[in-house]
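**Student:** Okay, here's the structure, questions in a sec.
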Amino acid sequence: MAGGLVALLDDIAALTKLAAASLDDVASATAGAGSKAAGVVIDDAAVTPRYVVGLTPDRELPIIAKIALGSLKNKLVILLPAALLLSAIAPWAITPLLMLGGSYLCFEAAEKIHEALGGGHHAERATVITDPRVLEERQVSGAIRTDLILSAEIMAIALGELPAQTLVMQGIVLALVGLGITVGVYGVVALLVKMDDIGLHLARRRHVTLQAIGRGLVKAMPLVLQALSTIGTAAMIWVGGGIILHGGEALGLAAPAEWLHHLAETAGAAVPLAGGLVGWLVYALGAAVVGLLLGAVLVAGIGLATKRRGAA
């Protein structure tokens with residue numbers, strides 16, 4: 001009896017260690033896959049607040065909640081099965097699709113920079129809607145459509161970090177990445193859209209310090225949103241360029257990435273006290289240059305094609 005009990009305890013201990021190792025693998029893979037999607041995440045957080053502009057303050061959080069649920073549906077119901085199917089039947093297509101998504105990131109970022117420099121902007125047809133319910137439905141549906149594109153990029157980037165994992169592990173990690181990013185992004189968005197209300201509430205308090213904090217929050221919010229948009233654009237260029245470099249390595253065009261790695265290592269070796277940070281910054285800057293050049297070519301090419309089509 002004692003021997004059987006010891007064997008049972010040994011089995012439980014072995015299973016516990018296996019479960020702990022599996023959890024460590026899931027956590028590590030989730031963190032790695034999620035970090036690679038940072039540029040899209042920041043851009044997502046920068047884009048979403050504009051969908052509550054023009055709506056009453058009491059509807060801001062319910063609308064953010066609706067968009068968050070739509071985003072979760074995009075990731076877990078639509079994109080997750082599609083990603084796993086792609087991984088199962090055509091894993092060779094992941095790298096080209098990932099590079100296509102990276103090119104789209106570079107194009108979007110370069111287009112934003114082009115517009116900021118006065119090079120033109122998207123023409124949007126303004127439609128006046130007086131019914132609040134119709135306006136809310138339009139804003140929510142528009143945000144969810146935009147989120148589908150950004151979520152597809154996030155899931156593709158995350159999947160690209162899991163080539164050696166089993167299909168079950170890929171499904172678990174992609175689900176965790178999708179859930180974590182959705183909660184994180186829309187939690188931040190909810191805080192951002194209500195920050196001015198919090199500031200106004202504090203500004204009406206009797207305490208002088210609270211009033212000063214409240215006024216500071218109200219004045220700072222436009223700057224915070226602008227900074228977030230700028231950071232998102234820079235991150236898109238960096239991430240997009242990095243995806244192109246890594247994809248080129250996987251497809252046999254390794255020279256650009258290898259040269260940049262060598263440059264980063266040389267720069268890091270020149271600064272022993274902060275070699276890792278300097279090396280990372282040099283590689284990130286190089287990836288951003290690649291992304292900006294690719295994005296500029298795409299913006300110019302698409303602009304020229306659009307002009308020719310219009311002339312025709």
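Naming scheme: A, B, ... for chains in displayed order of the structure tokens; residues 1 onward per chain; ligands 1 onward as shown.
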Report as a ChimeraX atom specification all protein, DNA and RNA residues lying within 9 Å of Leu294 of chain A, evaluated on only C-alpha atoms, omitting residues in the same chain fewer than 2 positions from it.
**Tutor:** /A:103,106-107,110,241,289-292,296-299
**Student:** Find the residues of segment 124-234 of chain A that sit at most 9 Å from segment 80-91 of chain A; for each, write down the nearest two atoms and how far apart they are in Å, to one decimal. Count only C-alpha atoms. Sort by chain, then by number going up, and give it as CSV.
**Tutor:**
```
residue,atom,partner,partner_atom,distance
A:Met155,CA,A:Leu80,CA,7.5
A:Ala156,CA,A:Ala83,CA,7.4
A:Leu159,CA,A:Ala83,CA,7.3
A:Pro163,CA,A:Pro91,CA,8.2
A:Leu167,CA,A:Leu84,CA,6.8
A:Val168,CA,A:Leu84,CA,9.0
A:Gln170,CA,A:Leu84,CA,7.4
A:Gly171,CA,A:Leu84,CA,6.8
A:Leu174,CA,A:Leu80,CA,6.9
A:Ala175,CA,A:Leu80,CA,7.2
A:Gly178,CA,A:Leu80,CA,8.7
```
**Student:** For the selection you just gave me, I'd like the residues written to a file as an mmCIF file, in the first residue's frame, keeping N, CA, C and O atoms.
**Tutor:**
```
data_model
loop_
_atom_site.group_PDB
_atom_site.id
_atom_site.type_symbol
_atom_site.label_atom_id
_atom_site.label_comp_id
_atom_site.auth_asym_id
_atom_site.auth_seq_id
_atom_site.Cartn_x
_atom_site.Cartn_y
_atom_site.Cartn_z
ATOM 1 N N MET A 155 -2.592 38.976 -35.305
ATOM 2 C CA MET A 155 -2.615 37.516 -35.274
ATOM 3 C C MET A 155 -1.577 36.932 -36.232
ATOM 4 O O MET A 155 -0.943 35.907 -35.937
ATOM 5 N N ALA A 156 -1.375 37.584 -37.387
ATOM 6 C CA ALA A 156 -0.374 37.097 -38.335
ATOM 7 C C ALA A 156 1.031 37.238 -37.751
ATOM 8 O O ALA A 156 1.864 36.333 -37.877
ATOM 9 N N LEU A 159 1.390 34.603 -35.043
ATOM 10 C CA LEU A 159 1.539 33.270 -35.632
ATOM 11 C C LEU A 159 2.933 33.082 -36.206
ATOM 12 O O LEU A 159 3.499 31.985 -36.134
ATOM 13 N N PRO A 163 6.328 29.097 -35.269
ATOM 14 C CA PRO A 163 6.412 28.072 -36.321
ATOM 15 C C PRO A 163 6.712 26.681 -35.788
ATOM 16 O O PRO A 163 6.313 25.682 -36.388
ATOM 17 N N LEU A 167 -0.075 22.566 -33.130
ATOM 18 C CA LEU A 167 -1.293 23.294 -33.498
ATOM 19 C C LEU A 167 -2.071 23.701 -32.243
ATOM 20 O O LEU A 167 -2.633 24.808 -32.179
ATOM 21 N N VAL A 168 -2.101 22.802 -31.235
ATOM 22 C CA VAL A 168 -2.803 23.117 -29.985
ATOM 23 C C VAL A 168 -2.132 24.288 -29.276
ATOM 24 O O VAL A 168 -2.801 25.218 -28.806
ATOM 25 N N GLN A 170 -0.273 26.606 -30.640
ATOM 26 C CA GLN A 170 -0.521 27.808 -31.421
ATOM 27 C C GLN A 170 -1.898 28.378 -31.114
ATOM 28 O O GLN A 170 -2.062 29.592 -30.950
ATOM 29 N N GLY A 171 -2.902 27.479 -31.027
ATOM 30 C CA GLY A 171 -4.252 27.943 -30.723
ATOM 31 C C GLY A 171 -4.336 28.599 -29.354
ATOM 32 O O GLY A 171 -4.956 29.667 -29.198
ATOM 33 N N LEU A 174 -2.336 32.014 -29.464
ATOM 34 C CA LEU A 174 -3.051 33.034 -30.235
ATOM 35 C C LEU A 174 -4.295 33.525 -29.491
ATOM 36 O O LEU A 174 -4.608 34.716 -29.509
ATOM 37 N N ALA A 175 -4.984 32.610 -28.821
ATOM 38 C CA ALA A 175 -6.163 33.008 -28.046
ATOM 39 C C ALA A 175 -5.757 33.921 -26.891
ATOM 40 O O ALA A 175 -6.418 34.944 -26.626
ATOM 41 N N GLY A 178 -4.709 37.288 -28.317
ATOM 42 C CA GLY A 178 -5.888 38.050 -28.720
ATOM 43 C C GLY A 178 -6.649 38.600 -27.539
ATOM 44 O O GLY A 178 -7.047 39.771 -27.526
#
```
**Student:** Find the spatial neighbours of segment 194-201 of chain A, counting only C-alpha atoms, within a cut-off of 7 Å - ignore same-chain residues fewer than 4 positions away - and output them as a PDB file with N, CA and C atoms, in the first residue's frame.
**Tutor:**
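Contents of the output file selection-v7.pdb:
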```
ATOM      1  N   ALA A 190     -10.438  53.178 -23.006  1.00  0.00           N
ATOM      2  CA  ALA A 190     -11.483  53.648 -22.089  1.00  0.00           C
ATOM      3  C   ALA A 190     -10.930  54.698 -21.131  1.00  0.00           C
ATOM      4  N   ARG A 205     -13.081  70.340  -7.754  1.00  0.00           N
ATOM      5  CA  ARG A 205     -12.925  70.096  -6.318  1.00  0.00           C
ATOM      6  C   ARG A 205     -12.377  71.346  -5.632  1.00  0.00           C
ATOM      7  N   GLY A 214      -6.416  68.386 -12.154  1.00  0.00           N
ATOM      8  CA  GLY A 214      -7.519  68.281 -13.100  1.00  0.00           C
ATOM      9  C   GLY A 214      -7.305  69.142 -14.331  1.00  0.00           C
ATOM     10  N   ARG A 215      -6.897  70.392 -14.127  1.00  0.00           N
ATOM     11  CA  ARG A 215      -6.634  71.274 -15.272  1.00  0.00           C
ATOM     12  C   ARG A 215      -5.471  70.737 -16.115  1.00  0.00           C
ATOM     13  N   LEU A 217      -4.660  67.578 -16.522  1.00  0.00           N
ATOM     14  CA  LEU A 217      -5.136  66.443 -17.312  1.00  0.00           C
ATOM     15  C   LEU A 217      -5.906  66.907 -18.541  1.00  0.00           C
ATOM     16  N   VAL A 218      -6.767  67.901 -18.360  1.00  0.00           N
ATOM     17  CA  VAL A 218      -7.561  68.405 -19.483  1.00  0.00           C
ATOM     18  C   VAL A 218      -6.651  68.976 -20.565  1.00  0.00           C
ATOM     19  N   MET A 221      -4.415  66.025 -22.420  1.00  0.00           N
ATOM     20  CA  MET A 221      -4.991  64.947 -23.219  1.00  0.00           C
ATOM     21  C   MET A 221      -4.772  65.096 -24.719  1.00  0.00           C
TER      22      MET A 221
END
```
**Student:** Can you list, as a JSON list (two decimals) with all heavy atoms, in the first residue's frame, every protein, DNA or RNA residue that comes within 10 Å of Ile244 of chain A when you count only C-alpha atoms, leaving out same-chain residues fewer than 5 positions away?
**Tutor:**
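Final output, result-v6.json:
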```
[["chain", "number", "residue", "atom", "x", "y", "z"],
["A", 95, "THR", "N", 4.94, 33.08, -44.03],
["A", 95, "THR", "CA", 5.96, 34.11, -44.21],
["A", 95, "THR", "C", 5.58, 35.13, -45.28],
["A", 95, "THR", "O", 5.65, 36.34, -45.04],
["A", 95, "THR", "CB", 7.33, 33.47, -44.53],
["A", 95, "THR", "OG1", 7.75, 32.68, -43.40],
["A", 95, "THR", "CG2", 8.37, 34.55, -44.79],
["A", 96, "PRO", "N", 5.14, 34.70, -46.49],
["A", 96, "PRO", "CA", 4.71, 35.70, -47.48],
["A", 96, "PRO", "C", 3.55, 36.56, -47.00],
["A", 96, "PRO", "O", 3.54, 37.78, -47.23],
["A", 96, "PRO", "CB", 4.31, 34.85, -48.69],
["A", 96, "PRO", "CG", 5.10, 33.60, -48.54],
["A", 96, "PRO", "CD", 5.17, 33.35, -47.08],
["A", 98, "LEU", "N", 2.85, 37.23, -43.90],
["A", 98, "LEU", "CA", 3.38, 38.10, -42.86],
["A", 98, "LEU", "C", 4.11, 39.29, -43.48],
["A", 98, "LEU", "O", 3.97, 40.43, -43.02],
["A", 98, "LEU", "CB", 4.33, 37.31, -41.97],
["A", 98, "LEU", "CG", 4.72, 37.91, -40.62],
["A", 98, "LEU", "CD1", 3.49, 38.20, -39.78],
["A", 98, "LEU", "CD2", 5.65, 36.99, -39.88],
["A", 99, "MET", "N", 4.87, 39.04, -44.54],
["A", 99, "MET", "CA", 5.56, 40.13, -45.23],
["A", 99, "MET", "C", 4.56, 41.07, -45.90],
["A", 99, "MET", "O", 4.80, 42.29, -45.97],
["A", 99, "MET", "CB", 6.54, 39.56, -46.25],
["A", 99, "MET", "CG", 7.69, 38.79, -45.63],
["A", 99, "MET", "SD", 8.84, 38.11, -46.86],
["A", 99, "MET", "CE", 9.63, 39.62, -47.44],
["A", 100, "LEU", "N", 3.47, 40.52, -46.38],
["A", 100, "LEU", "CA", 2.42, 41.37, -46.96],
["A", 100, "LEU", "C", 1.83, 42.28, -45.89],
["A", 100, "LEU", "O", 1.62, 43.48, -46.12],
["A", 100, "LEU", "CB", 1.33, 40.49, -47.58],
["A", 100, "LEU", "CG", 0.21, 41.23, -48.33],
["A", 100, "LEU", "CD1", 0.77, 41.97, -49.53],
["A", 100, "LEU", "CD2", -0.87, 40.23, -48.80],
["A", 101, "GLY", "N", 1.59, 41.71, -44.70],
["A", 101, "GLY", "CA", 1.10, 42.53, -43.60],
["A", 101, "GLY", "C", 2.12, 43.57, -43.16],
["A", 101, "GLY", "O", 1.77, 44.72, -42.85],
["A", 102, "GLY", "N", 3.41, 43.19, -43.15],
["A", 102, "GLY", "CA", 4.45, 44.15, -42.82],
["A", 102, "GLY", "C", 4.53, 45.28, -43.83],
["A", 102, "GLY", "O", 4.73, 46.44, -43.46],
["A", 103, "SER", "N", 4.34, 44.94, -45.10],
["A", 103, "SER", "CA", 4.33, 45.97, -46.13],
["A", 103, "SER", "C", 3.16, 46.92, -45.95],
["A", 103, "SER", "O", 3.29, 48.15, -46.16],
["A", 103, "SER", "CB", 4.25, 45.31, -47.52],
["A", 103, "SER", "OG", 5.36, 44.46, -47.74],
["A", 106, "CYS", "N", 4.08, 49.36, -43.24],
["A", 106, "CYS", "CA", 4.99, 50.37, -43.76],
["A", 106, "CYS", "C", 4.24, 51.39, -44.61],
["A", 106, "CYS", "O", 4.49, 52.61, -44.52],
["A", 106, "CYS", "CB", 6.08, 49.71, -44.60],
["A", 106, "CYS", "SG", 7.17, 48.60, -43.66],
["A", 239, "VAL", "N", 8.28, 47.92, -36.81],
["A", 239, "VAL", "CA", 7.79, 46.54, -36.85],
["A", 239, "VAL", "C", 7.67, 46.05, -38.29],
["A", 239, "VAL", "O", 8.08, 44.94, -38.63],
["A", 239, "VAL", "CB", 6.44, 46.42, -36.12],
["A", 239, "VAL", "CG1", 5.84, 45.04, -36.34],
["A", 239, "VAL", "CG2", 6.61, 46.68, -34.64],
["A", 249, "GLU", "N", 15.06, 36.87, -44.75],
["A", 249, "GLU", "CA", 15.96, 35.80, -44.28],
["A", 249, "GLU", "C", 15.35, 34.44, -44.51],
["A", 249, "GLU", "O", 16.02, 33.50, -44.97],
["A", 249, "GLU", "CB", 16.26, 35.99, -42.79],
["A", 249, "GLU", "CG", 17.28, 37.05, -42.47],
["A", 249, "GLU", "CD", 17.62, 37.08, -41.00],
["A", 249, "GLU", "OE1", 16.73, 37.42, -40.19],
["A", 249, "GLU", "OE2", 18.77, 36.75, -40.64],
["A", 250, "ALA", "N", 14.07, 34.29, -44.18],
["A", 250, "ALA", "CA", 13.40, 32.99, -44.30],
["A", 250, "ALA", "C", 13.27, 32.57, -45.76],
["A", 250, "ALA", "O", 13.26, 31.37, -46.06],
["A", 250, "ALA", "CB", 12.01, 33.06, -43.65],
["A", 257, "ALA", "N", 19.48, 41.62, -43.66],
["A", 257, "ALA", "CA", 19.33, 41.37, -42.23],
["A", 257, "ALA", "C", 20.68, 41.03, -41.59],
["A", 257, "ALA", "O", 20.97, 41.50, -40.48],
["A", 257, "ALA", "CB", 18.33, 40.23, -41.99],
["A", 287, "ALA", "N", 15.83, 48.79, -39.15],
["A", 287, "ALA", "CA", 14.55, 48.23, -39.59],
["A", 287, "ALA", "C", 13.57, 49.34, -39.93],
["A", 287, "ALA", "O", 12.79, 49.24, -40.89],
["A", 287, "ALA", "CB", 13.97, 47.33, -38.49],
["A", 290, "VAL", "N", 14.39, 50.70, -43.35],
["A", 290, "VAL", "CA", 13.87, 49.77, -44.37],
["A", 290, "VAL", "C", 12.37, 49.95, -44.52],
["A", 290, "VAL", "O", 11.84, 50.04, -45.64],
["A", 290, "VAL", "CB", 14.21, 48.32, -43.99],
["A", 290, "VAL", "CG1", 13.48, 47.33, -44.92],
["A", 290, "VAL", "CG2", 15.71, 48.08, -44.06],
["A", 291, "GLY", "N", 11.66, 50.03, -43.39],
["A", 291, "GLY", "CA", 10.22, 50.20, -43.44],
["A", 291, "GLY", "C", 9.81, 51.51, -44.07],
["A", 291, "GLY", "O", 8.85, 51.57, -44.86],
["A", 294, "LEU", "N", 10.45, 51.33, -47.91],
["A", 294, "LEU", "CA", 9.42, 50.51, -48.56],
["A", 294, "LEU", "C", 8.08, 51.23, -48.57],
["A", 294, "LEU", "O", 7.38, 51.25, -49.60],
["A", 294, "LEU", "CB", 9.30, 49.17, -47.83],
["A", 294, "LEU", "CG", 8.18, 48.24, -48.32],
["A", 294, "LEU", "CD1", 8.37, 47.88, -49.79],
["A", 294, "LEU", "CD2", 8.13, 46.97, -47.47]]
```
**Student:** With only C-alpha atoms as the counted atoms, please give the residues lying no more than 10 Å from segment 260-272 of chain A, apart from itself and same-chain residues fewer than 4 positions off, as a PyMOL selection string.
**Tutor:** chain A and resi 245+255-256+276-287
**Student:** From the set A:Gln139, A:Ser71, A:Glu115, A:Val224, which residue has the shortest atom-to-atom contact distance to Ile154 of chain A, counting only C-alpha atoms?
**Tutor:**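 Nearest candidate to Ile154 of chain A out of A:Gln139, A:Ser71, A:Glu115, A:Val224: A:Ser71.
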**Student:** Rounded to one decimal, what separation in Å do you get between atom CA of Val140 of chain A and atom CA of Ile67 of chain A?
**Tutor:**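 Distance reported for this atom pair: 5.9 Å.
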